[in-house]
file final22.csv (CSV, C-alpha atoms and all ligand atoms)
chain,number,residue,atom,x,y,z
A,1,MET,CA,4.0,30.0,-20.9
A,2,VAL,CA,3.9,27.2,-18.4
A,3,THR,CA,0.5,26.6,-16.9
A,4,LYS,CA,-0.1,25.5,-13.3
A,5,LYS,CA,-3.0,24.3,-11.3
A,6,ILE,CA,-3.0,24.7,-7.5
A,7,GLN,CA,-5.7,22.8,-5.6
A,8,LEU,CA,-6.4,24.0,-2.0
A,9,PRO,CA,-9.1,23.2,0.5
A,10,ARG,CA,-12.3,25.2,0.0
A,11,GLU,CA,-13.1,25.6,3.7
A,12,VAL,CA,-11.1,25.1,6.9
A,13,HIS,CA,-13.1,24.9,10.1
A,14,ILE,CA,-11.1,25.0,13.3
A,15,GLY,CA,-12.4,25.3,16.9
A,16,PRO,CA,-13.7,23.4,19.9
A,17,GLY,CA,-16.7,21.1,19.5
A,18,LEU,CA,-16.8,21.4,15.7
A,19,ILE,CA,-17.1,17.6,15.2
A,20,ASP,CA,-20.9,17.9,15.9
A,21,ASN,CA,-21.2,20.3,13.0
A,22,THR,CA,-19.9,17.8,10.5
A,23,GLY,CA,-23.3,17.1,9.0
A,24,THR,CA,-24.3,20.7,8.5
A,25,ILE,CA,-20.9,21.5,7.1
A,26,CYS,CA,-21.5,18.7,4.5
A,27,ASN,CA,-25.0,20.1,3.7
A,28,ASP,CA,-23.6,23.6,3.3
A,29,LEU,CA,-21.2,22.1,0.7
A,30,ARG,CA,-24.2,20.6,-1.1
A,31,PHE,CA,-23.6,17.0,0.0
A,32,TYR,CA,-26.8,15.0,0.9
A,33,ASN,CA,-28.0,11.4,1.4
A,34,ASP,CA,-25.0,9.1,1.4
A,35,ALA,CA,-21.6,9.4,3.0
A,36,LEU,CA,-18.7,7.0,3.5
A,37,MET,CA,-16.5,7.4,6.6
A,38,VAL,CA,-13.0,6.0,6.9
A,39,CYS,CA,-11.5,5.6,10.4
A,40,GLY,CA,-9.2,3.5,12.5
A,41,PRO,CA,-10.1,1.3,15.4
A,42,HIS,CA,-9.2,4.0,18.0
A,43,THR,CA,-10.4,7.0,16.1
A,44,TYR,CA,-13.8,5.3,15.5
A,45,LYS,CA,-14.4,5.5,19.3
A,46,ILE,CA,-12.7,8.9,19.7
A,47,ALA,CA,-14.5,10.8,16.9
A,48,GLY,CA,-16.1,8.4,14.4
A,49,LYS,CA,-19.3,7.8,16.4
A,50,GLN,CA,-19.8,11.6,16.8
A,51,VAL,CA,-19.3,12.1,13.1
A,52,ILE,CA,-21.9,9.4,12.3
A,53,ASP,CA,-24.4,11.0,14.8
A,54,SER,CA,-23.8,14.4,13.2
A,55,LEU,CA,-24.2,13.1,9.7
A,56,GLU,CA,-27.4,11.1,10.6
A,57,ASN,CA,-28.9,14.2,12.2
A,58,ALA,CA,-28.4,15.8,8.8
A,59,ASP,CA,-30.3,12.9,7.2
A,60,PHE,CA,-27.2,11.1,5.8
A,61,SER,CA,-27.0,7.4,5.5
A,62,VAL,CA,-23.5,6.5,6.6
A,63,GLU,CA,-21.3,3.6,5.6
A,64,VAL,CA,-18.1,3.0,7.7
A,65,VAL,CA,-14.9,1.3,6.7
A,66,LYS,CA,-12.2,0.7,9.4
A,67,VAL,CA,-8.6,0.4,8.1
A,68,ASP,CA,-5.4,0.0,9.9
A,69,SER,CA,-2.7,0.9,7.3
A,70,ALA,CA,-2.2,3.3,4.5
A,71,THR,CA,-1.8,0.6,1.8
A,72,GLN,CA,-3.3,0.0,-1.6
A,73,GLU,CA,-5.3,-2.8,-0.1
A,74,SER,CA,-6.9,-0.4,2.3
A,75,VAL,CA,-7.6,2.0,-0.5
A,76,ASN,CA,-9.3,-0.8,-2.5
A,77,GLN,CA,-11.3,-1.8,0.6
A,78,VAL,CA,-12.7,1.7,0.8
A,79,GLU,CA,-13.4,2.0,-3.0
A,80,GLU,CA,-15.5,-1.3,-2.8
A,81,LYS,CA,-17.8,0.4,-0.3
A,82,ILE,CA,-18.3,3.6,-2.2
A,83,GLY,CA,-21.9,2.9,-3.3
A,84,LYS,CA,-23.8,6.2,-4.0
A,85,ALA,CA,-21.7,8.3,-1.6
A,86,GLN,CA,-20.8,11.8,-2.8
A,87,VAL,CA,-18.3,12.3,-0.1
A,88,ILE,CA,-15.6,10.3,1.8
A,89,LEU,CA,-14.7,11.5,5.2
A,90,GLY,CA,-11.3,10.6,6.7
A,91,VAL,CA,-11.6,10.6,10.5
A,92,GLY,CA,-8.2,10.0,12.1
A,93,GLY,CA,-4.5,10.4,11.9
A,94,GLY,CA,-2.3,10.5,8.9
A,95,LYS,CA,-2.8,7.0,7.5
A,96,ILE,CA,-6.6,7.3,7.6
A,97,ILE,CA,-6.6,10.7,6.0
A,98,ASP,CA,-4.3,9.4,3.2
A,99,VAL,CA,-6.5,6.4,2.5
A,100,ALA,CA,-9.7,8.5,2.4
A,101,LYS,CA,-7.9,11.1,0.2
A,102,MET,CA,-6.6,8.5,-2.3
A,103,SER,CA,-9.8,6.5,-2.5
A,104,SER,CA,-11.9,9.6,-3.0
A,105,ALA,CA,-9.6,10.8,-5.8
A,106,ASN,CA,-9.7,7.4,-7.5
A,107,THR,CA,-13.5,7.3,-7.4
A,108,GLY,CA,-14.2,10.9,-8.3
A,109,THR,CA,-15.8,11.5,-4.9
A,110,TYR,CA,-15.3,14.6,-2.7
A,111,PHE,CA,-13.1,14.3,0.4
A,112,LEU,CA,-13.5,15.8,3.9
A,113,SER,CA,-10.5,15.8,6.2
A,114,VAL,CA,-11.4,15.3,9.9
A,115,PRO,CA,-8.1,15.1,11.8
A,116,THR,CA,-8.4,13.6,15.3
A,117,THR,CA,-4.9,14.7,16.1
A,118,ALA,CA,-2.2,17.1,14.7
A,119,SER,CA,0.6,14.6,14.0
A,120,HIS,CA,1.3,15.1,10.3
A,121,ASP,CA,1.1,17.7,7.5
A,122,GLY,CA,-1.2,15.6,5.2
A,123,ILE,CA,-4.3,17.2,6.7
A,124,THR,CA,-4.8,19.8,3.9
A,125,SER,CA,-2.3,18.5,1.3
A,126,PRO,CA,-3.4,17.0,-2.1
A,127,LEU,CA,-0.8,14.1,-1.9
A,128,ALA,CA,-1.2,10.8,-0.2
A,129,SER,CA,1.7,8.7,1.1
A,130,ILE,CA,0.9,5.0,0.3
A,131,LYS,CA,3.0,2.2,1.8
A,132,SER,CA,4.1,-1.1,0.4
A,133,ASP,CA,6.8,-3.7,1.1
A,134,LYS,CA,9.1,-1.6,-1.2
A,135,GLY,CA,8.6,1.6,0.9
A,136,SER,CA,6.5,4.6,0.6
A,137,VAL,CA,5.3,6.5,-2.5
A,138,SER,CA,3.8,10.0,-2.6
A,139,ILE,CA,0.9,10.0,-5.0
A,140,LYS,CA,-1.2,12.9,-6.3
A,141,ALA,CA,-4.7,12.5,-4.9
A,142,GLN,CA,-6.8,15.6,-4.1
A,143,SER,CA,-7.2,18.4,-1.6
A,144,PRO,CA,-10.1,18.2,0.9
A,145,MET,CA,-13.3,20.1,0.1
A,146,ALA,CA,-13.2,21.0,3.8
A,147,VAL,CA,-11.1,20.4,6.9
A,148,VAL,CA,-13.1,19.9,10.2
A,149,ALA,CA,-10.5,20.3,13.0
A,150,ASP,CA,-12.2,20.0,16.4
A,151,THR,CA,-9.6,21.4,18.8
A,152,ASP,CA,-11.2,19.7,21.8
A,153,ILE,CA,-10.5,16.3,20.2
A,154,ILE,CA,-7.0,17.3,19.0
A,155,ARG,CA,-6.1,18.9,22.3
A,156,ASN,CA,-7.1,15.7,24.2
A,157,SER,CA,-5.2,13.4,21.8
A,158,PRO,CA,-2.0,11.9,23.3
A,159,TYR,CA,0.6,14.7,23.5
A,160,ARG,CA,3.1,12.4,21.8
A,161,LEU,CA,1.1,12.7,18.6
A,162,LEU,CA,1.2,16.5,18.8
A,163,ALA,CA,4.9,16.6,19.5
A,164,SER,CA,5.3,14.3,16.4
A,165,GLY,CA,3.3,16.9,14.4
A,166,CYS,CA,5.8,19.6,15.5
A,167,ALA,CA,8.7,17.5,14.4
A,168,ASP,CA,7.1,16.9,11.0
A,169,VAL,CA,7.0,20.7,10.6
A,170,ILE,CA,10.5,21.2,11.9
A,171,ALA,CA,11.6,18.7,9.1
A,172,ASN,CA,10.7,21.5,6.6
A,173,TYR,CA,14.1,23.1,7.3
A,174,THR,CA,16.1,20.2,5.8
A,175,ALA,CA,13.4,19.4,3.2
A,176,VAL,CA,13.8,23.0,1.8
A,177,LEU,CA,17.6,22.8,1.9
A,178,ASP,CA,17.5,19.5,-0.1
A,179,TRP,CA,15.0,21.0,-2.5
A,180,LYS,CA,17.3,24.0,-3.2
A,181,LEU,CA,20.3,21.6,-3.6
A,182,ALA,CA,18.3,19.5,-6.1
A,183,LYS,CA,17.4,22.7,-8.0
A,184,ARG,CA,21.0,23.7,-8.2
A,185,LEU,CA,22.4,20.2,-9.1
A,186,GLN,CA,19.5,18.7,-11.0
A,187,ASN,CA,17.4,21.6,-12.1
A,188,VAL,CA,14.3,20.1,-10.6
A,189,SER,CA,11.1,22.1,-10.6
A,190,TYR,CA,11.3,24.6,-7.7
A,191,SER,CA,8.9,27.1,-6.2
A,192,GLU,CA,10.3,30.0,-4.1
A,193,SER,CA,6.8,30.8,-2.6
A,194,ALA,CA,6.3,27.2,-1.5
A,195,SER,CA,9.8,27.0,-0.1
A,196,SER,CA,9.4,30.3,1.8
A,197,LEU,CA,6.1,29.3,3.2
A,198,SER,CA,7.5,26.0,4.4
A,199,GLN,CA,10.5,27.6,6.1
A,200,MET,CA,8.4,30.3,7.7
A,201,THR,CA,6.1,27.7,9.1
A,202,ALA,CA,8.9,25.7,10.6
A,203,LYS,CA,10.1,29.0,12.2
A,204,LEU,CA,6.7,29.4,13.8
A,205,ILE,CA,7.2,26.1,15.6
A,206,THR,CA,10.8,26.6,16.6
A,207,GLN,CA,10.3,30.1,17.7
A,208,GLY,CA,7.1,29.2,19.6
A,209,ALA,CA,8.5,26.0,21.0
A,210,ASP,CA,8.7,27.3,24.6
A,211,GLN,CA,4.9,28.0,24.5
A,212,ILE,CA,3.9,24.5,23.2
A,213,LYS,CA,2.5,22.6,26.1
A,214,PRO,CA,0.2,19.6,26.5
A,215,GLY,CA,-3.5,20.3,26.9
A,216,LEU,CA,-3.4,23.9,25.8
A,217,GLU,CA,-5.9,25.1,23.2
A,218,LYS,CA,-3.4,27.8,22.1
A,219,SER,CA,-0.7,25.2,21.5
A,220,THR,CA,-3.1,22.9,19.6
A,221,ARG,CA,-4.1,25.7,17.3
A,222,LEU,CA,-0.5,26.7,16.6
A,223,ILE,CA,0.5,23.1,15.7
A,224,ALA,CA,-2.7,22.6,13.6
A,225,LYS,CA,-2.2,25.8,11.7
A,226,ALA,CA,1.5,25.0,11.1
A,227,LEU,CA,0.5,21.7,9.6
A,228,PHE,CA,-2.2,23.3,7.5
A,229,SER,CA,0.1,25.8,6.0
A,230,THR,CA,2.8,23.2,5.3
A,231,GLY,CA,0.0,21.4,3.4
A,232,VAL,CA,-0.6,24.6,1.5
A,233,ALA,CA,3.1,24.7,0.6
A,234,ILE,CA,2.8,21.2,-0.7
A,235,SER,CA,-0.3,22.3,-2.8
A,236,ILE,CA,1.6,25.2,-4.3
A,237,ALA,CA,4.6,23.1,-5.1
A,238,ASN,CA,2.4,20.2,-6.3
A,239,THR,CA,5.0,17.9,-4.8
A,240,SER,CA,5.8,17.0,-1.1
A,241,ARG,CA,9.3,18.5,-1.7
A,242,PRO,CA,8.8,21.6,0.6
A,243,ALA,CA,8.1,19.2,3.5
A,244,SER,CA,9.9,16.0,2.6
A,245,GLY,CA,13.6,15.6,1.9
A,246,SER,CA,16.4,13.4,3.2
A,247,GLU,CA,15.0,13.4,6.7
A,248,HIS,CA,11.8,11.9,5.4
A,249,LEU,CA,13.8,9.3,3.3
A,250,PHE,CA,15.5,8.3,6.5
A,251,SER,CA,12.0,7.9,8.2
A,252,HIS,CA,10.6,5.9,5.3
A,253,ALA,CA,13.7,3.7,5.5
A,254,LEU,CA,13.2,3.1,9.2
A,255,ASP,CA,9.6,2.2,8.5
A,256,LYS,CA,10.8,-0.4,6.1
A,257,ILE,CA,13.5,-2.0,8.3
A,258,ALA,CA,12.8,-1.3,12.0
A,259,GLU,CA,11.2,-4.0,14.1
A,260,LYS,CA,9.0,-1.4,15.8
A,261,PRO,CA,9.1,1.9,14.0
A,262,ALA,CA,8.2,5.1,15.9
A,263,LEU,CA,5.7,7.8,14.7
A,264,HIS,CA,6.3,9.3,11.3
A,265,GLY,CA,7.0,12.9,12.6
A,266,GLU,CA,9.2,11.6,15.4
A,267,GLN,CA,11.4,9.8,13.0
A,268,CYS,CA,11.5,12.7,10.6
A,269,GLY,CA,12.6,15.0,13.6
A,270,VAL,CA,15.5,12.8,14.4
A,271,GLY,CA,16.3,12.6,10.7
A,272,THR,CA,16.3,16.4,10.6
A,273,ILE,CA,19.0,16.6,13.3
A,274,MET,CA,21.3,14.4,11.2
A,275,MET,CA,20.5,15.8,7.8
A,276,MET,CA,21.1,19.3,9.1
A,277,ASN,CA,24.5,18.2,10.3
A,278,LEU,CA,25.2,16.9,6.8
A,279,HIS,CA,24.1,20.2,5.3
A,280,GLY,CA,26.5,22.0,7.6
A,281,GLY,CA,23.7,23.8,9.3
A,282,ASP,CA,22.8,24.5,13.0
A,283,TRP,CA,21.7,20.9,13.9
A,284,LYS,CA,22.0,21.7,17.6
A,285,CYS,CA,19.2,24.3,17.2
A,286,ILE,CA,17.0,21.6,15.6
A,287,ARG,CA,17.8,19.2,18.4
A,288,ASP,CA,17.0,21.8,21.1
A,289,SER,CA,13.7,22.8,19.5
A,290,LEU,CA,12.7,19.1,19.3
A,291,GLN,CA,13.6,18.7,23.0
A,292,LYS,CA,11.5,21.8,23.9
A,293,VAL,CA,8.4,20.3,22.3
A,294,LYS,CA,9.3,16.9,23.9
A,295,ALA,CA,9.8,15.1,20.6
A,296,PRO,CA,12.5,12.3,20.5
A,297,THR,CA,16.0,13.2,19.6
A,298,THR,CA,17.8,9.8,20.1
A,299,ALA,CA,17.4,6.2,18.9
A,300,LYS,CA,16.6,5.2,22.5
A,301,GLU,CA,13.7,7.8,22.7
A,302,LEU,CA,12.4,6.5,19.3
A,303,GLY,CA,12.5,2.9,20.6
A,304,VAL,CA,14.7,1.7,17.7
A,305,SER,CA,18.2,0.2,17.9
A,306,PRO,CA,21.5,2.0,16.9
A,307,GLU,CA,21.9,-0.7,14.3
A,308,GLU,CA,18.5,0.2,12.7
A,309,ILE,CA,19.5,3.9,12.7
A,310,ILE,CA,22.7,3.1,10.8
A,311,GLU,CA,21.0,0.8,8.4
A,312,ALA,CA,18.2,3.3,7.7
A,313,LEU,CA,20.8,6.0,7.0
A,314,THR,CA,22.7,3.8,4.5
A,315,ILE,CA,19.6,2.8,2.5
A,316,ALA,CA,17.6,6.1,2.7
A,317,HIS,CA,18.9,7.4,-0.7
A,318,THR,CA,17.3,4.3,-2.4
A,319,ILE,CA,13.8,4.9,-1.2
A,320,ARG,CA,12.8,7.4,-3.9
A,321,ASP,CA,14.2,9.0,-7.0
A,322,ARG,CA,14.5,12.3,-5.1
A,323,TYR,CA,17.9,14.1,-5.1
A,324,THR,CA,18.9,15.2,-1.6
A,325,ILE,CA,22.1,15.7,0.4
A,326,LEU,CA,22.4,11.9,0.5
A,327,GLY,CA,23.4,12.1,-3.2
A,328,ASP,CA,23.2,9.1,-5.5
A,329,ARG,CA,25.3,6.7,-3.5
A,330,GLY,CA,24.1,7.5,0.0
A,331,LEU,CA,26.1,7.1,3.2
A,332,SER,CA,28.7,4.5,3.8
A,333,ARG,CA,28.2,2.5,7.0
A,334,GLU,CA,31.2,4.2,8.6
A,335,ALA,CA,29.9,7.7,7.7
A,336,ALA,CA,26.4,6.8,8.9
A,337,GLU,CA,27.8,5.6,12.2
A,338,GLN,CA,29.9,8.7,12.6
A,339,LEU,CA,26.9,11.0,11.8
A,340,ALA,CA,24.6,9.2,14.2
A,341,THR,CA,27.2,9.3,17.0
A,342,SER,CA,28.4,12.8,16.5
A,343,THR,CA,24.8,14.1,16.7
A,344,GLY,CA,24.1,12.1,19.8
A,345,VAL,CA,21.4,10.1,18.1
A,346,ILE,CA,23.1,6.8,19.0
B,401,LIG,N1,-0.1,12.8,2.6
B,401,LIG,C1,0.8,13.6,3.2
B,401,LIG,O1,1.1,14.7,2.7
B,401,LIG,C2,1.4,13.2,4.5
B,401,LIG,C3,1.2,11.9,4.9
B,401,LIG,N2,1.8,11.5,6.1
B,401,LIG,C4,1.5,10.1,6.5
B,401,LIG,O2,0.7,10.1,7.7
B,401,LIG,C5,1.1,8.9,8.5
B,401,LIG,C6,1.5,9.4,9.9
B,401,LIG,O3,0.4,9.9,10.5
B,401,LIG,P1,0.3,9.7,12.1
B,401,LIG,O4,-1.0,10.4,12.5
B,401,LIG,O5,1.5,10.0,12.8
B,401,LIG,O6,0.1,8.1,12.3
B,401,LIG,P2,-1.2,7.2,12.3
B,401,LIG,O7,-2.2,7.6,11.3
B,401,LIG,O8,-0.7,5.8,12.1
B,401,LIG,O9,-1.8,7.4,13.7
B,401,LIG,C7,-1.1,7.0,14.9
B,401,LIG,C8,-2.0,6.4,15.9
B,401,LIG,O10,-2.7,7.5,16.6
B,401,LIG,C9,-4.0,7.1,16.8
B,401,LIG,N3,-4.8,8.3,17.0
B,401,LIG,C10,-5.2,9.3,16.1
B,401,LIG,N4,-5.9,10.2,16.7
B,401,LIG,C11,-6.0,9.9,18.0
B,401,LIG,C12,-6.6,10.5,19.1
B,401,LIG,N5,-7.3,11.6,19.1
B,401,LIG,N6,-6.5,9.8,20.3
B,401,LIG,C13,-5.8,8.7,20.4
B,401,LIG,N7,-5.2,8.1,19.4
B,401,LIG,C14,-5.3,8.7,18.2
B,401,LIG,C15,-4.4,6.3,15.6
B,401,LIG,O11,-5.5,5.5,15.8
B,401,LIG,P3,-6.1,4.4,14.8
B,401,LIG,O12,-5.4,3.2,15.1
B,401,LIG,O13,-7.6,4.3,15.1
B,401,LIG,O14,-5.8,4.9,13.4
B,401,LIG,C16,-3.1,5.5,15.4
B,401,LIG,O15,-3.1,4.3,16.3
B,401,LIG,C17,2.2,8.2,7.8
B,401,LIG,O16,1.7,7.1,7.0
B,401,LIG,C18,2.8,9.3,6.9
B,401,LIG,O17,3.4,8.8,5.7
B,401,LIG,C19,2.5,12.3,6.9
B,401,LIG,C20,2.7,13.6,6.5
B,401,LIG,C21,2.2,14.1,5.2
B,402,LIG,O1,5.4,13.3,5.1
B,402,LIG,C1,5.2,14.1,4.2
B,402,LIG,C2,5.5,15.5,4.5
B,402,LIG,O2,5.6,15.8,5.8
B,402,LIG,C3,4.9,13.6,2.9
B,402,LIG,O3,6.0,13.3,2.3
B,402,LIG,P1,6.4,12.0,1.5
B,402,LIG,O4,6.5,12.5,0.1
B,402,LIG,O5,7.7,11.7,2.1
B,402,LIG,O6,5.4,10.9,1.7
B,403,ZN,ZN,6.0,14.1,7.0
call {"tool": "encode", "arguments": {"input": "final22.csv", "output": "structure tokens"}}
result
Amino acid sequence: MVTKKIQLPREVHIGPGLIDNTGTICNDLRFYNDALMVCGPHTYKIAGKQVIDSLENADFSVEVVKVDSATQESVNQVEEKIGKAQVILGVGGGKIIDVAKMSSANTGTYFLSVPTTASHDGITSPLASIKSDKGSVSIKAQSPMAVVADTDIIRNSPYRLLASGCADVIANYTAVLDWKLAKRLQNVSYSESASSLSQMTAKLITQGADQIKPGLEKSTRLIAKALFSTGVAISIANTSRPASGSEHLFSHALDKIAEKPALHGEQCGVGTIMMMNLHGGDWKCIRDSLQKVKAPTTAKELGVSPEEIIEALTIAHTIRDRYTILGDRGLSREAAEQLATSTGVI
């Protein structure tokens, strides 16, 4: 009988003003004395200082590492500062959470996920996306012991980041189609429950798209919960497959070649339009949902050139050894141009 281990967050705290409870949440988890906080230059000001105050009020001594990319160098930088810390807190967007997640796993330290926005579905997942010149790899790290999601901070984050989070969830549609295809053609390991949870979560966003508005607590909660449950799907699958397929390969390719890439979720959303077209599905419905939540649907809105879109489409299949609708040979230049044109992306 095949055995399986599913790692999930132990506690998920969501609500307004929760950031000030970070110290007591840590104590309740039996963490004391030393903590290491990872944040970015912006998120330090937005939430980092409050996290430090809360931890110091709970008698922690806090070390801080500021990083600006989700690279191995950043992970090393955090690991060098680990000292006697029992817990690493990632306070920020996706790249900060990935660096904290990876360095905590490498050093046998616990991890707390403190999202300052709802832009990506790595908040609760056990995998970290680490970047290098060669592209992006998805590495097994660990799930957070707790998530502390302060909806005041998330609600007040730039709406563009929240729309990007919606698009990262909408990408689940093509990710699941790619996963099913890979199961049929390559017999890859597949989980029906992870796949169903991922699809159902994407539906929550597309069916609720009309209600998603900037500044609303209710919208913030909907997006955050959708990102959490996508993370749970990733945990169940033990691979990012339920949330990352050809549309993500396209986004990772853009990150590699574009002069000024857009946000992760934004690129994945545009990728979903095109990959859904390749799957023969209802790509117009994907585009309309993205438009409703005010996420980009064109190269112009992403701020990348038509040429960069075409190039990313032609190299996307080389990014990872992950079978998708792009097949082994990927798209020819002509096919890529036709796809981007016929879906209105360029
Ligand atoms: N592990 C996983 O399963 C997953 C990982 N990812 C990864 O996550 C990353 C994408 O995450 P994303 O959050 O889009 O990008 P970033 O982490 O790059 O964050 C984007 C920007 O938003 C800023 N920011 C964050 N919160 C706030 C706020 N409250 N107010 C103002 N600015 C804020 C950040 O500040 P600062 O400069 O201070 O950091 C940063 O400049 C990618 O690297 C992607 O691969 C995505 C999905 C799943
Ligand atoms: O972005 C992700 C899911 O939304 C993580 O997936 P990757 O495996 O593509 O890094
Ligand atoms: Zn993603």
call {"tool": "residues_around", "arguments": {"input": "final22.csv", "residues": "Ala316 (chain A)", "least_positions_apart": "2", "cutoff": "6 Å", "atoms": "only C-alpha atoms", "output": "list in words"}}
result
Leu249, Phe250, Ala253, Ala312, Leu313, Thr314, Thr318 and Ile319 of chain A
call {"tool": "closest_residue", "arguments": {"input": "final22.csv", "among": "A:Ala100, A:Ala85, A:Val304, A:Ala171", "to": "ligand LIG 402 (chain B)", "atoms": "all atoms listed in the file"}}
result
A:Ala171
call {"tool": "residues_near_ligand", "arguments": {"input": "final22.csv", "ligand": "ligand LIG 402 (chain B)", "cutoff": "9 Å", "atoms": "only C-alpha atoms and all ligand atoms", "output": "ChimeraX atom specification"}}
result
/A:120-122,125,127-130,136-139,165,168-169,171-172,175,227,230-231,234,239-249,251-252,264-265,268,320
call {"tool": "residues_near_ligand", "arguments": {"input": "final22.csv", "ligand": "ligand LIG 401 (chain B)", "cutoff": "7 Å", "atoms": "all atoms listed in the file", "output": "NGL selection string"}}
result
:A and (39-44 or 46 or 68 or 70 or 92-96 or 98 or 116-117 or 119-122 or 125-129 or 153-154 or 156-158 or 161 or 164 or 231 or 240 or 263-265)
call {"tool": "closest_residue", "arguments": {"input": "final22.csv", "among": "A:Gln72, A:Thr298, A:Thr272, A:Thr341", "to": "ligand ZN 403 (chain B)", "atoms": "only C-alpha atoms and all ligand atoms"}}
result
A:Thr272
call {"tool": "residues_around", "arguments": {"input": "final22.csv", "residues": "region 11-27 of chain A", "least_positions_apart": "5", "cutoff": "10 Å", "atoms": "all atoms listed in the file", "output": "count of residues only"}}
result
42
call {"tool": "residues_around", "arguments": {"input": "final22.csv", "residues": "Leu254 (chain A)", "least_positions_apart": "6", "cutoff": "8 Å", "atoms": "all atoms listed in the file", "output": "count of residues only"}}
result
5
call {"tool": "atom_distance", "arguments": {"input": "final22.csv", "atom1": "CA of Ile315 (chain A)", "atom2": "CA of Ala336 (chain A)"}}
result
10.2 Å
call {"tool": "residues_around", "arguments": {"input": "final22.csv", "residues": "region 280-297 of chain A", "least_positions_apart": "6", "cutoff": "6 Å", "atoms": "only C-alpha atoms", "output": "list in words"}}
result
Ala163, Thr206, Ala209, Val270 and Ile273 of chain A
call {"tool": "atom_distance", "arguments": {"input": "final22.csv", "atom1": "CA of Ser196 (chain A)", "atom2": "CA of Tyr173 (chain A)"}}
result
10.2 Å
call {"tool": "atom_distance", "arguments": {"input": "final22.csv", "atom1": "CA of Ser69 (chain A)", "atom2": "CA of Ala141 (chain A)"}}
result
17.0 Å
call {"tool": "closest_residue", "arguments": {"input": "final22.csv", "among": "A:Ser191, A:Ser342, A:Thr174, A:Gln207", "to": "ligand ZN 403 (chain B)", "atoms": "all atoms listed in the file"}}
result
A:Thr174
call {"tool": "residues_near_point", "arguments": {"input": "final22.csv", "point": "(28.8, 13.1, 13.2)", "cutoff": "12 Å", "atoms": "only C-alpha atoms", "output": "number ranges by chain"}}
result
A: 273-280, 283-284, 310, 331, 334-346
call {"tool": "write_last_selection", "arguments": {"input": "final22.csv", "atoms": "C-alpha atoms", "output": "short mmCIF file (atom, residue, chain, number, x, y, z; two decimals), in the coordinates of the input"}}
result
data_model
loop_
_atom_site.label_atom_id
_atom_site.label_comp_id
_atom_site.auth_asym_id
_atom_site.auth_seq_id
_atom_site.Cartn_x
_atom_site.Cartn_y
_atom_site.Cartn_z
CA ILE A 273 19.00 16.60 13.30
CA MET A 274 21.30 14.40 11.20
CA MET A 275 20.50 15.80 7.80
CA MET A 276 21.10 19.30 9.10
CA ASN A 277 24.50 18.20 10.30
CA LEU A 278 25.20 16.90 6.80
CA HIS A 279 24.10 20.20 5.30
CA GLY A 280 26.50 22.00 7.60
CA TRP A 283 21.70 20.90 13.90
CA LYS A 284 22.00 21.70 17.60
CA ILE A 310 22.70 3.10 10.80
CA LEU A 331 26.10 7.10 3.20
CA GLU A 334 31.20 4.20 8.60
CA ALA A 335 29.90 7.70 7.70
CA ALA A 336 26.40 6.80 8.90
CA GLU A 337 27.80 5.60 12.20
CA GLN A 338 29.90 8.70 12.60
CA LEU A 339 26.90 11.00 11.80
CA ALA A 340 24.60 9.20 14.20
CA THR A 341 27.20 9.30 17.00
CA SER A 342 28.40 12.80 16.50
CA THR A 343 24.80 14.10 16.70
CA GLY A 344 24.10 12.10 19.80
CA VAL A 345 21.40 10.10 18.10
CA ILE A 346 23.10 6.80 19.00
#
